[in-house]
file protein_2.txt (compact mmCIF, C-alpha atoms)
# COMPACT_ATOMS: atom_id res chain seq x y z
CA MET A 1 117.79 130.16 71.61
CA PRO A 2 118.94 133.58 72.86
CA TYR A 3 121.58 133.31 75.55
CA GLU A 4 119.40 135.29 77.97
CA ASP A 5 117.06 132.26 78.14
CA ASN A 6 119.88 130.29 79.81
CA ALA A 7 120.11 132.88 82.59
CA LYS A 8 116.33 132.84 82.95
CA LEU A 9 116.30 129.02 83.21
CA ALA A 10 118.85 129.25 86.05
CA ARG A 11 116.78 131.86 87.88
CA ASN A 12 113.66 129.67 87.51
CA ILE A 13 115.47 126.68 89.00
CA TYR A 14 116.96 128.71 91.91
CA ASP A 15 113.50 130.15 92.54
CA ALA A 16 111.93 126.66 92.68
CA PHE A 17 114.79 125.47 94.96
CA ASN A 18 114.17 128.41 97.33
CA LYS A 19 110.52 127.34 97.57
CA GLY A 20 111.51 123.71 98.15
CA ASP A 21 109.82 122.70 94.86
CA PHE A 22 112.34 120.01 93.87
CA GLU A 23 109.91 118.47 91.34
CA ARG A 24 109.96 121.67 89.29
CA CYS A 25 113.78 121.78 89.51
CA LEU A 26 113.96 118.17 88.26
CA SER A 27 111.50 118.84 85.42
CA LEU A 28 113.85 121.56 84.15
CA ALA A 29 116.90 119.24 84.14
CA THR A 30 117.96 116.60 81.59
CA GLU A 31 117.65 112.89 82.51
CA ASP A 32 121.45 112.58 82.68
CA VAL A 33 122.12 115.83 84.57
CA GLU A 34 125.44 115.71 86.42
CA ILE A 35 126.48 117.91 89.36
CA VAL A 36 130.05 118.19 90.60
CA LEU A 37 130.54 119.79 94.03
CA VAL A 38 134.18 120.67 93.41
CA PRO A 39 135.40 121.57 96.95
CA PHE A 40 133.91 118.37 98.42
CA GLY A 41 134.92 116.19 95.44
CA GLN A 42 131.37 114.86 95.25
CA VAL A 43 129.53 113.94 92.01
CA PHE A 44 125.74 113.59 91.76
CA ARG A 45 124.37 111.85 88.63
CA GLY A 46 120.90 111.82 87.05
CA ARG A 47 117.73 113.44 88.35
CA GLU A 48 117.86 111.37 91.57
CA GLY A 49 121.41 112.61 92.10
CA PHE A 50 120.22 116.18 91.56
CA ARG A 51 117.51 115.60 94.15
CA THR A 52 120.06 114.25 96.66
CA PHE A 53 122.30 117.28 96.03
CA MET A 54 119.43 119.73 96.69
CA GLN A 55 118.09 117.75 99.66
CA GLY A 56 121.55 117.70 101.27
CA PHE A 57 121.74 121.49 101.35
CA LYS A 58 118.09 121.97 102.37
CA THR A 59 118.57 119.53 105.28
CA ALA A 60 121.70 121.28 106.55
CA PHE A 61 120.40 124.82 105.89
CA PRO A 62 116.56 124.72 105.70
CA ASP A 63 116.34 128.50 105.25
CA LEU A 64 118.97 128.58 102.47
CA THR A 65 117.97 130.87 99.60
CA ILE A 66 119.84 131.56 96.39
CA ASN A 67 119.54 134.75 94.37
CA PRO A 68 122.22 135.20 91.69
CA THR A 69 123.95 138.57 91.88
CA ASN A 70 125.73 138.08 88.56
CA GLN A 71 125.05 135.88 85.53
CA VAL A 72 127.08 135.44 82.36
CA SER A 73 125.32 133.63 79.51
CA ALA A 74 126.88 131.96 76.51
CA GLU A 75 125.89 129.34 73.98
CA GLY A 76 124.89 126.23 75.93
CA ALA A 77 126.08 127.68 79.23
CA VAL A 78 125.44 130.15 82.01
CA VAL A 79 127.69 131.09 84.92
CA ASN A 80 125.92 132.15 88.13
CA GLU A 81 127.52 133.99 91.01
CA PHE A 82 125.76 134.27 94.40
CA ARG A 83 126.12 134.16 98.17
CA ALA A 84 124.60 131.18 99.99
CA LYS A 85 122.96 132.43 103.18
CA GLY A 86 121.23 130.33 105.82
CA THR A 87 121.32 128.74 109.25
CA HIS A 88 123.00 125.42 110.00
CA THR A 89 120.16 123.65 111.79
CA GLY A 90 120.54 120.17 110.25
CA SER A 91 123.39 117.73 109.56
CA LEU A 92 125.72 118.54 106.67
CA PHE A 93 127.45 115.58 104.99
CA GLY A 94 130.89 116.58 103.78
CA PRO A 95 133.78 114.45 102.51
CA ALA A 96 134.97 113.86 106.10
CA GLY A 97 131.54 112.71 107.27
CA GLU A 98 128.65 114.24 109.14
CA ILE A 99 128.84 117.78 110.53
CA PRO A 100 126.04 117.97 113.14
CA ALA A 101 123.92 121.14 113.33
CA THR A 102 125.75 124.04 114.97
CA GLY A 103 122.96 126.64 114.81
CA ASN A 104 125.48 128.99 113.20
CA LYS A 105 124.64 131.48 110.44
CA ILE A 106 126.46 130.88 107.18
CA ASP A 107 127.12 133.32 104.34
CA TYR A 108 129.66 132.29 101.71
CA ALA A 109 130.42 132.94 98.02
CA VAL A 110 129.52 130.44 95.28
CA ILE A 111 130.10 130.20 91.53
CA GLU A 112 128.19 127.65 89.48
CA VAL A 113 129.00 126.88 85.86
CA TRP A 114 125.90 125.44 84.22
CA GLY A 115 125.76 123.48 80.97
CA ILE A 116 122.45 123.81 79.12
CA ARG A 117 121.13 121.30 76.55
CA ASP A 118 117.70 121.36 74.85
CA SER A 119 116.64 124.27 77.10
CA ARG A 120 117.32 122.13 80.18
CA LEU A 121 119.97 122.04 82.87
CA ALA A 122 122.52 119.37 81.84
CA SER A 123 125.43 119.96 84.25
CA ILE A 124 126.65 122.05 87.19
CA ARG A 125 130.18 122.55 88.41
CA ASN A 126 129.82 124.19 91.82
CA TYR A 127 132.82 126.06 93.27
CA PHE A 128 132.16 127.42 96.74
CA ASP A 129 134.29 129.09 99.40
CA SER A 130 134.53 126.00 101.61
CA ALA A 131 137.21 127.52 103.89
CA THR A 132 134.86 130.35 104.88
CA LEU A 133 131.96 127.91 105.37
CA MET A 134 134.11 125.72 107.66
CA GLN A 135 135.18 128.78 109.67
CA GLN A 136 131.56 129.89 110.02
CA LEU A 137 130.68 126.40 111.25
CA GLY A 138 133.54 126.68 113.75
CA LEU A 139 135.37 123.68 112.31
CA VAL A 140 138.63 125.38 111.43
CA PRO A 141 140.27 128.32 113.19
CA PHE A 142 140.21 131.73 111.55
CA PRO A 143 143.47 132.59 109.74
CA GLU A 144 144.67 135.23 112.22
CA ARG A 145 145.03 132.47 114.82
CA VAL A 146 146.92 130.08 112.59
CA SER A 147 149.76 132.55 112.08
CA GLY A 148 150.25 132.72 115.85
CA GLY A 149 151.49 129.15 115.91
CA ALA A 150 151.58 127.70 119.40
CA THR A 151 150.73 130.96 121.19
CA ALA A 152 147.60 131.09 123.38
CA PHE A 153 144.35 131.95 121.62
CA THR A 154 140.68 132.24 122.41
CA ALA A 155 138.31 130.39 120.13
CA SER A 156 135.05 132.08 119.14
CA PRO A 157 131.82 131.16 120.97
CA ALA A 158 130.64 129.48 117.72
CA GLU A 159 133.77 127.28 117.70
CA ASN A 160 133.32 126.51 121.40
CA LYS A 161 129.76 125.33 120.76
CA VAL A 162 130.97 122.95 118.07
CA MET A 163 133.51 121.53 120.55
CA VAL A 164 130.79 120.88 123.14
CA ARG A 165 128.54 119.20 120.54
CA ARG A 166 131.39 117.06 119.26
CA LEU A 167 132.32 115.97 122.78
CA PHE A 168 128.77 114.73 123.46
CA GLU A 169 127.90 113.39 120.03
CA GLU A 170 131.24 111.90 118.98
CA GLY A 171 133.18 111.54 122.24
CA ILE A 172 130.35 110.17 124.41
CA ASN A 173 127.53 108.87 122.17
CA ARG A 174 129.84 107.31 119.57
CA GLY A 175 132.53 106.45 122.11
CA SER A 176 135.42 108.13 120.28
CA THR A 177 138.30 108.35 122.77
CA ALA A 178 140.28 110.18 120.04
CA VAL A 179 137.75 113.02 120.13
CA ILE A 180 137.92 113.16 123.96
CA GLN A 181 141.72 113.27 123.70
CA GLU A 182 141.49 116.07 121.11
CA LEU A 183 138.96 118.29 122.92
CA ILE A 184 139.72 117.93 126.64
CA GLY A 185 142.67 120.04 127.79
CA PRO A 186 145.47 118.66 129.98
CA SER A 187 144.31 120.76 132.97
CA TYR A 188 140.62 119.70 132.70
CA VAL A 189 138.79 119.57 136.05
CA ASN A 190 135.17 118.80 136.86
CA HIS A 191 133.99 120.76 139.91
CA ASP A 192 130.93 118.59 140.58
CA PHE A 193 132.08 115.09 139.67
CA PRO A 194 135.76 115.26 140.66
CA THR A 195 137.96 113.08 138.48
CA PRO A 196 140.81 111.00 139.94
CA VAL A 197 143.32 112.76 137.66
CA PRO A 198 143.03 115.95 135.57
CA GLY A 199 142.89 116.06 131.77
CA PRO A 200 141.41 113.70 129.18
CA GLU A 201 142.43 110.65 131.24
CA GLY A 202 140.32 111.87 134.18
CA PHE A 203 137.38 112.59 131.88
CA LYS A 204 137.59 109.07 130.40
CA GLN A 205 137.72 107.53 133.91
CA MET A 206 134.66 109.50 135.02
CA LEU A 207 132.79 108.49 131.86
CA GLY A 208 133.88 104.90 132.50
CA MET A 209 132.37 105.07 135.99
CA PHE A 210 129.00 106.09 134.50
CA ARG A 211 129.31 103.49 131.70
CA SER A 212 129.95 100.66 134.17
CA GLY A 213 126.53 101.45 135.69
CA PHE A 214 124.85 102.33 132.38
CA PRO A 215 126.68 100.59 129.49
CA ASP A 216 124.27 101.99 126.85
CA LEU A 217 124.65 105.55 128.18
CA ARG A 218 123.86 108.30 125.66
CA VAL A 219 122.94 111.95 125.88
CA ASP A 220 120.36 113.92 123.92
CA LEU A 221 121.53 117.53 123.65
CA HIS A 222 118.66 120.02 123.79
CA ASP A 223 120.55 123.31 123.76
CA VAL A 224 124.09 124.70 123.59
CA LEU A 225 124.82 128.37 124.37
CA ALA A 226 128.12 130.23 124.44
CA GLU A 227 129.58 133.58 125.36
CA GLY A 228 133.17 134.70 125.95
CA ASP A 229 135.29 131.76 127.10
CA LYS A 230 132.32 129.72 128.38
CA ALA A 231 129.54 127.53 127.01
CA ALA A 232 126.53 125.85 128.60
CA SER A 233 124.67 122.77 127.47
CA ARG A 234 121.34 121.27 128.47
CA GLY A 235 120.22 117.74 127.74
CA THR A 236 118.94 114.37 128.94
CA TRP A 237 121.03 111.30 129.79
CA HIS A 238 119.51 107.93 128.85
CA GLY A 239 120.69 104.49 129.88
CA THR A 240 119.85 101.12 131.40
CA HIS A 241 121.07 100.40 134.91
CA GLN A 242 122.95 97.16 134.18
CA GLY A 243 125.87 97.51 136.58
CA GLU A 244 126.66 98.85 140.05
CA PHE A 245 126.47 102.65 140.20
CA MET A 246 127.34 104.76 143.28
CA GLY A 247 127.03 101.66 145.41
CA ILE A 248 123.60 100.74 144.02
CA PRO A 249 123.47 97.23 142.49
CA ALA A 250 122.01 96.92 138.96
CA THR A 251 118.23 97.32 138.86
CA GLY A 252 117.76 96.86 135.08
CA LYS A 253 115.76 100.10 135.03
CA ARG A 254 115.76 102.55 132.10
CA ILE A 255 116.58 106.04 133.31
CA ALA A 256 116.23 109.53 131.80
CA VAL A 257 118.02 112.25 133.76
CA THR A 258 118.13 115.92 132.83
CA TYR A 259 121.27 118.03 133.28
CA THR A 260 122.64 121.52 132.64
CA ASP A 261 126.36 122.13 132.58
CA ILE A 262 128.91 124.87 132.02
CA TRP A 263 132.28 124.61 130.29
CA ARG A 264 135.26 126.94 130.22
CA PHE A 265 137.74 126.94 127.33
CA GLU A 266 141.42 127.77 127.17
CA ASN A 267 143.58 127.59 124.03
CA GLY A 268 140.77 125.89 122.14
CA LYS A 269 140.34 123.08 124.70
CA LEU A 270 137.77 122.26 127.39
CA VAL A 271 139.49 122.91 130.72
CA GLU A 272 136.78 123.42 133.36
CA ASN A 273 133.37 121.86 133.83
CA TRP A 274 130.48 122.41 136.24
CA VAL A 275 127.73 119.80 135.96
CA GLN A 276 124.29 120.02 137.51
CA MET A 277 122.42 116.75 137.14
CA ASP A 278 119.02 115.74 138.50
CA LEU A 279 120.55 113.18 140.87
CA MET A 280 117.40 113.19 143.03
CA GLY A 281 115.39 112.20 139.95
CA LEU A 282 117.98 109.51 139.18
CA MET A 283 117.73 108.07 142.72
CA GLN A 284 113.94 108.09 142.47
CA GLN A 285 114.01 106.32 139.10
CA LEU A 286 116.34 103.70 140.58
CA GLY A 287 113.89 103.30 143.47
CA VAL A 288 116.40 104.27 146.17
CA ALA A 289 114.80 107.64 147.09
CA PRO A 290 111.14 108.38 147.78
CA ALA A 291 109.08 109.66 144.84
CA PRO A 292 108.44 113.43 144.80
CA GLY A 293 105.52 114.85 146.73
CA PRO A 294 104.88 116.55 150.04
CA ALA A 295 105.50 114.58 153.20
CA SER A 296 106.25 111.26 151.50
CA LYS A 297 108.44 109.07 153.70
CA MET B 1 117.11 143.47 124.14
CA ASN B 2 120.79 142.72 123.65
CA THR B 3 122.64 140.23 125.86
CA GLU B 4 123.97 142.92 128.22
CA GLU B 5 120.35 143.95 128.87
CA THR B 6 119.02 140.41 129.27
CA LYS B 7 121.80 139.68 131.78
CA LEU B 8 120.85 142.73 133.87
CA VAL B 9 117.20 141.64 133.96
CA ALA B 10 117.97 137.96 134.64
CA ARG B 11 120.19 138.86 137.64
CA ARG B 12 117.24 140.55 139.34
CA ILE B 13 115.50 137.17 139.79
CA PRO B 14 118.05 135.68 142.25
CA TYR B 15 119.28 138.99 143.71
CA GLU B 16 115.99 140.82 144.20
CA VAL B 17 113.06 138.40 143.89
CA PHE B 18 114.64 135.52 145.85
CA ASN B 19 117.29 137.18 148.05
CA GLN B 20 115.13 140.19 149.00
CA GLY B 21 111.68 138.63 148.62
CA LYS B 22 110.45 141.27 146.17
CA LEU B 23 107.51 139.17 144.98
CA SER B 24 105.77 141.90 143.00
CA LEU B 25 108.89 142.32 140.86
CA ALA B 26 107.99 138.96 139.27
CA ASP B 27 105.06 140.69 137.53
CA GLU B 28 107.50 143.05 135.84
CA LEU B 29 110.25 140.56 134.92
CA VAL B 30 108.20 137.45 134.10
CA SER B 31 105.71 137.22 131.23
CA ARG B 32 102.11 136.15 131.74
CA ASP B 33 102.92 133.44 129.17
CA PHE B 34 105.87 132.17 131.24
CA VAL B 35 106.41 128.39 131.25
CA ASN B 36 108.73 126.66 133.73
CA HIS B 37 109.90 123.40 132.13
CA SER B 38 111.58 122.26 135.36
CA PRO B 39 109.17 122.98 138.23
CA MET B 40 110.05 121.76 141.72
CA PRO B 41 107.93 118.74 142.71
CA GLY B 42 104.35 119.77 143.39
CA MET B 43 104.86 123.43 142.38
CA ALA B 44 103.06 125.58 139.76
CA ASP B 45 104.77 126.03 136.39
CA ARG B 46 102.95 128.91 134.65
CA GLY B 47 103.07 132.71 134.77
CA PRO B 48 104.57 135.14 137.32
CA GLU B 49 102.42 133.49 140.03
CA SER B 50 104.52 130.30 139.79
CA VAL B 51 107.69 132.34 140.48
CA LYS B 52 106.03 134.01 143.47
CA GLN B 53 104.84 130.64 144.81
CA LEU B 54 108.35 129.17 144.56
CA THR B 55 109.95 132.25 146.15
CA THR B 56 107.52 132.12 149.06
CA ALA B 57 108.02 128.37 149.54
CA ILE B 58 111.81 128.46 149.51
CA ARG B 59 112.06 131.64 151.63
CA SER B 60 109.74 130.21 154.26
CA ALA B 61 111.90 127.05 154.41
CA PHE B 62 115.20 129.05 154.37
CA PRO B 63 114.36 132.61 155.56
CA ASP B 64 118.04 133.73 155.41
CA LEU B 65 118.43 132.35 151.86
CA GLN B 66 121.12 134.08 149.78
CA TYR B 67 121.99 133.31 146.16
CA THR B 68 125.41 134.18 144.72
CA LEU B 69 125.92 134.02 140.96
CA GLU B 70 129.03 132.01 140.05
CA ALA B 71 128.73 132.16 136.26
CA GLU B 72 126.64 133.91 133.68
CA ILE B 73 126.43 133.11 129.95
CA ALA B 74 124.17 135.02 127.56
CA GLU B 75 123.57 134.26 123.89
CA GLY B 76 120.71 135.47 121.72
CA ASP B 77 117.53 135.52 123.79
CA LYS B 78 118.82 133.20 126.55
CA VAL B 79 120.76 133.67 129.79
CA VAL B 80 122.41 130.86 131.80
CA HIS B 81 123.11 131.19 135.54
CA ARG B 82 125.12 128.98 137.82
CA ALA B 83 124.40 129.98 141.41
CA THR B 84 125.28 128.90 144.92
CA ALA B 85 122.53 129.13 147.54
CA ARG B 86 123.08 129.24 151.28
CA GLY B 87 120.40 129.16 153.96
CA THR B 88 119.23 127.72 157.27
CA ASN B 89 116.26 125.36 157.24
CA THR B 90 114.07 126.92 159.92
CA GLY B 91 110.75 126.40 158.12
CA SER B 92 108.93 123.49 156.47
CA PHE B 93 110.49 122.42 153.11
CA MET B 94 108.51 120.38 150.56
CA GLY B 95 106.21 119.20 153.35
CA ILE B 96 109.12 118.19 155.60
CA PRO B 97 109.26 119.89 159.05
CA ALA B 98 112.16 122.29 159.75
CA THR B 99 115.46 120.61 160.68
CA GLY B 100 117.26 123.77 161.87
CA LYS B 101 120.27 122.73 159.77
CA PRO B 102 122.25 124.96 157.39
CA ALA B 103 122.61 123.94 153.75
CA THR B 104 124.66 125.10 150.77
CA TRP B 105 123.75 123.93 147.29
CA THR B 106 124.20 124.79 143.63
CA GLU B 107 121.65 125.54 140.91
CA THR B 108 121.95 126.03 137.15
CA HIS B 109 119.23 127.88 135.24
CA ILE B 110 118.49 128.87 131.66
CA VAL B 111 115.87 131.52 130.93
CA ARG B 112 114.58 132.69 127.57
CA PHE B 113 113.41 136.23 126.91
CA SER B 114 110.67 137.55 124.66
CA GLY B 115 111.08 141.32 124.55
CA ALA B 116 111.95 142.55 128.04
CA GLN B 117 110.38 139.61 129.89
CA ILE B 118 111.29 136.03 130.76
CA VAL B 119 109.02 133.54 128.98
CA GLU B 120 110.69 130.16 129.56
CA HIS B 121 112.85 128.46 132.17
CA TRP B 122 114.84 125.23 132.38
CA GLY B 123 116.96 124.38 135.39
CA GLU B 124 118.51 121.99 137.83
CA VAL B 125 118.60 122.32 141.61
CA ASP B 126 120.78 120.02 143.71
CA LEU B 127 117.81 118.66 145.66
CA LEU B 128 119.71 115.51 146.61
CA GLY B 129 122.47 117.68 148.12
CA ILE B 130 119.89 119.66 150.12
CA MET B 131 118.22 116.47 151.37
CA GLN B 132 121.59 114.98 152.35
CA GLN B 133 122.65 118.09 154.29
CA LEU B 134 119.30 118.18 156.07
CA GLY B 135 119.77 114.52 156.98
CA LEU B 136 116.77 113.44 154.92
CA ALA B 137 118.62 111.32 152.34
CA PRO B 138 121.65 109.07 152.76
CA ALA B 139 124.92 110.84 152.02
CA PRO B 140 127.28 109.30 149.40
CA GLY B 141 128.74 106.01 150.57
CA GLN B 142 126.08 105.45 153.22

call {"tool": "encode", "arguments": {"input": "protein_2.txt", "output": "structure tokens"}}
result
Amino acid sequence: MPYEDNAKLARNIYDAFNKGDFERCLSLATEDVEIVLVPFGQVFRGREGFRTFMQGFKTAFPDLTINPTNQVSAEGAVVNEFRAKGTHTGSLFGPAGEIPATGNKIDYAVIEVWGIRDSRLASIRNYFDSATLMQQLGLVPFPERVSGGATAFTASPAENKVMVRRLFEEGINRGSTAVIQELIGPSYVNHDFPTPVPGPEGFKQMLGMFRSGFPDLRVDLHDVLAEGDKAASRGTWHGTHQGEFMGIPATGKRIAVTYTDIWRFENGKLVENWVQMDLMGLMQQLGVAPAPGPASK
Amino acid sequence: MNTEETKLVARRIPYEVFNQGKLSLADELVSRDFVNHSPMPGMADRGPESVKQLTTAIRSAFPDLQYTLEAEIAEGDKVVHRATARGTNTGSFMGIPATGKPATWTETHIVRFSGAQIVEHWGEVDLLGIMQQLGLAPAPGQ
């Protein structure tokens, strides 16, 4: 088999992947195909493993397309070089766990070493520029900031958005006080729901006040936007009114309250917060304010 | 439009349409396909007409109404505003007769642009704060 056929096989599989045609990709792989994602230390075995590998990337980056810019063929092998480009609109599962969608654009370099057997894909060793991917997802600071040590820095809007998402999804919904401690700066103040003390301790006490009224409290984030040193988020709070809240005894009612808030960042931490919540809607749902409508008393 | 342009257009809603009562400006700034995802109770939620209806309603309740922008965030096709509103309730508000009382409240809005026009809106208005200041809802602790 001429070596060029190995390069062509790779292009056919990338093409099918781009179209989301996993069945065609699987039909061009051996039963015992093995994929090693070197930077993540993950191994995917067999055709089902290959499917999981492809599905993982398509879920995290649905618009991901792969077009090799360089291919080197040899006997039983082909090396493919390309840039992975897409948008992070779904969860990515890395070695440290789930990375929720950030909405960020990604564009990083990849080299895949393919083994070919019986005109089929038998193995892939994937080496990708994981440091650049993590920077583009806002999960690690860019190198120019690391060299500055403890000096003040301004995180990028993309990084700020990740902080806001992590605070809601990990700090509040999953109840990680470690994440609250990590993200909330020592001078944190909330201008609309004043906390008894500043900093992460104040944030935890305020959250505790809401949780004592609504123990199953969770927030659905609908949108996160950022510019300069600020970010805004919009979402809906859900919970069951099982304890006293703002002087109102438990009603057992399920509530859904919309909010929009603004955050300001300093040195990579959340330091100021303005929260606008539909408190009128909350009071109405708890039955302590009249329902909306003209002239209702 | 880039975010500097969307910010300039978005500012005209509080500063010109609401503060100055330039109703016809809504036809220029707001798309015919506009959808308001957070309408005030009982108010229209489609097209420039819904913006004019809201402006008329709030300006007749608070004729000296003035919005001040406190924060502005723009990314992609969206602009976020945090604003403080001040006014005196000398007209009927949401069917409630005038109280003559002054009120200061905050609002947070997100608008989305398509081309040069606003096509979507989400927002929160501190209605409870307004009602409390007008003496129409119990204040905290009462």

call {"tool": "interface_residues", "arguments": {"input": "protein_2.txt", "of": "chain B", "to": "chain A", "cutoff": "12 Å", "atoms": "only C-alpha atoms", "output": "VMD selection string"}}
result
chain B and resid 3 to 4 7 37 to 43 70 to 84 92 to 97 105 to 112 121 to 132 136 to 142

call {"tool": "atom_distance", "arguments": {"input": "protein_2.txt", "atom1": "CA of Pro102 (chain B)", "atom2": "CA of Leu29 (chain B)"}}
result
29.9 Å

call {"tool": "residues_around", "arguments": {"input": "protein_2.txt", "residues": "Thr55 (chain B)", "least_positions_apart": "2", "cutoff": "8 Å", "atoms": "all atoms listed in the file", "output": "number ranges by chain"}}
result
B: 17-18, 21, 23, 51-53, 57-59

call {"tool": "residues_around", "arguments": {"input": "protein_2.txt", "residues": "Thr69 (chain A)", "least_positions_apart": "2", "cutoff": "9 Å", "atoms": "only C-alpha atoms", "output": "PDB file with C-alpha atoms, in the coordinates of the input"}}
result
ATOM      1  CA  ASN A  67     119.540 134.750  94.370  1.00  0.00           C
ATOM      2  CA  GLN A  71     125.050 135.880  85.530  1.00  0.00           C
ATOM      3  CA  ASN A  80     125.920 132.150  88.130  1.00  0.00           C
ATOM      4  CA  GLU A  81     127.520 133.990  91.010  1.00  0.00           C
ATOM      5  CA  PHE A  82     125.760 134.270  94.400  1.00  0.00           C
ATOM      6  CA  ARG A  83     126.120 134.160  98.170  1.00  0.00           C
TER       7      ARG A  83
END

call {"tool": "residues_around", "arguments": {"input": "protein_2.txt", "residues": "Phe50 (chain A)", "least_positions_apart": "4", "cutoff": "8 Å", "atoms": "all atoms listed in the file", "output": "list in words"}}
result
Leu26, Val33, Glu34, Ile35, Phe44, Arg45, Gly46 and Met54 of chain A

call {"tool": "axis_aligned_box", "arguments": {"input": "protein_2.txt", "around": "region 115-128 of chain B", "padding_each_side": "6 Å", "output": "AutoDock Vina command-line options"}}
result
--center_x 114.9 --center_y 129.0 --center_z 135.6 --size_x 23.8 --size_y 39.0 --size_z 34.1

call {"tool": "residues_around", "arguments": {"input": "protein_2.txt", "residues": "region 210-220 of chain A", "least_positions_apart": "6", "cutoff": "6 Å", "atoms": "all atoms listed in the file", "output": "list in words"}}
result
Asn173, Gly235, Thr236, Trp237, His238, Gly239, Thr240, His241, Gln242, Gly243, Glu244 and Phe245 of chain A
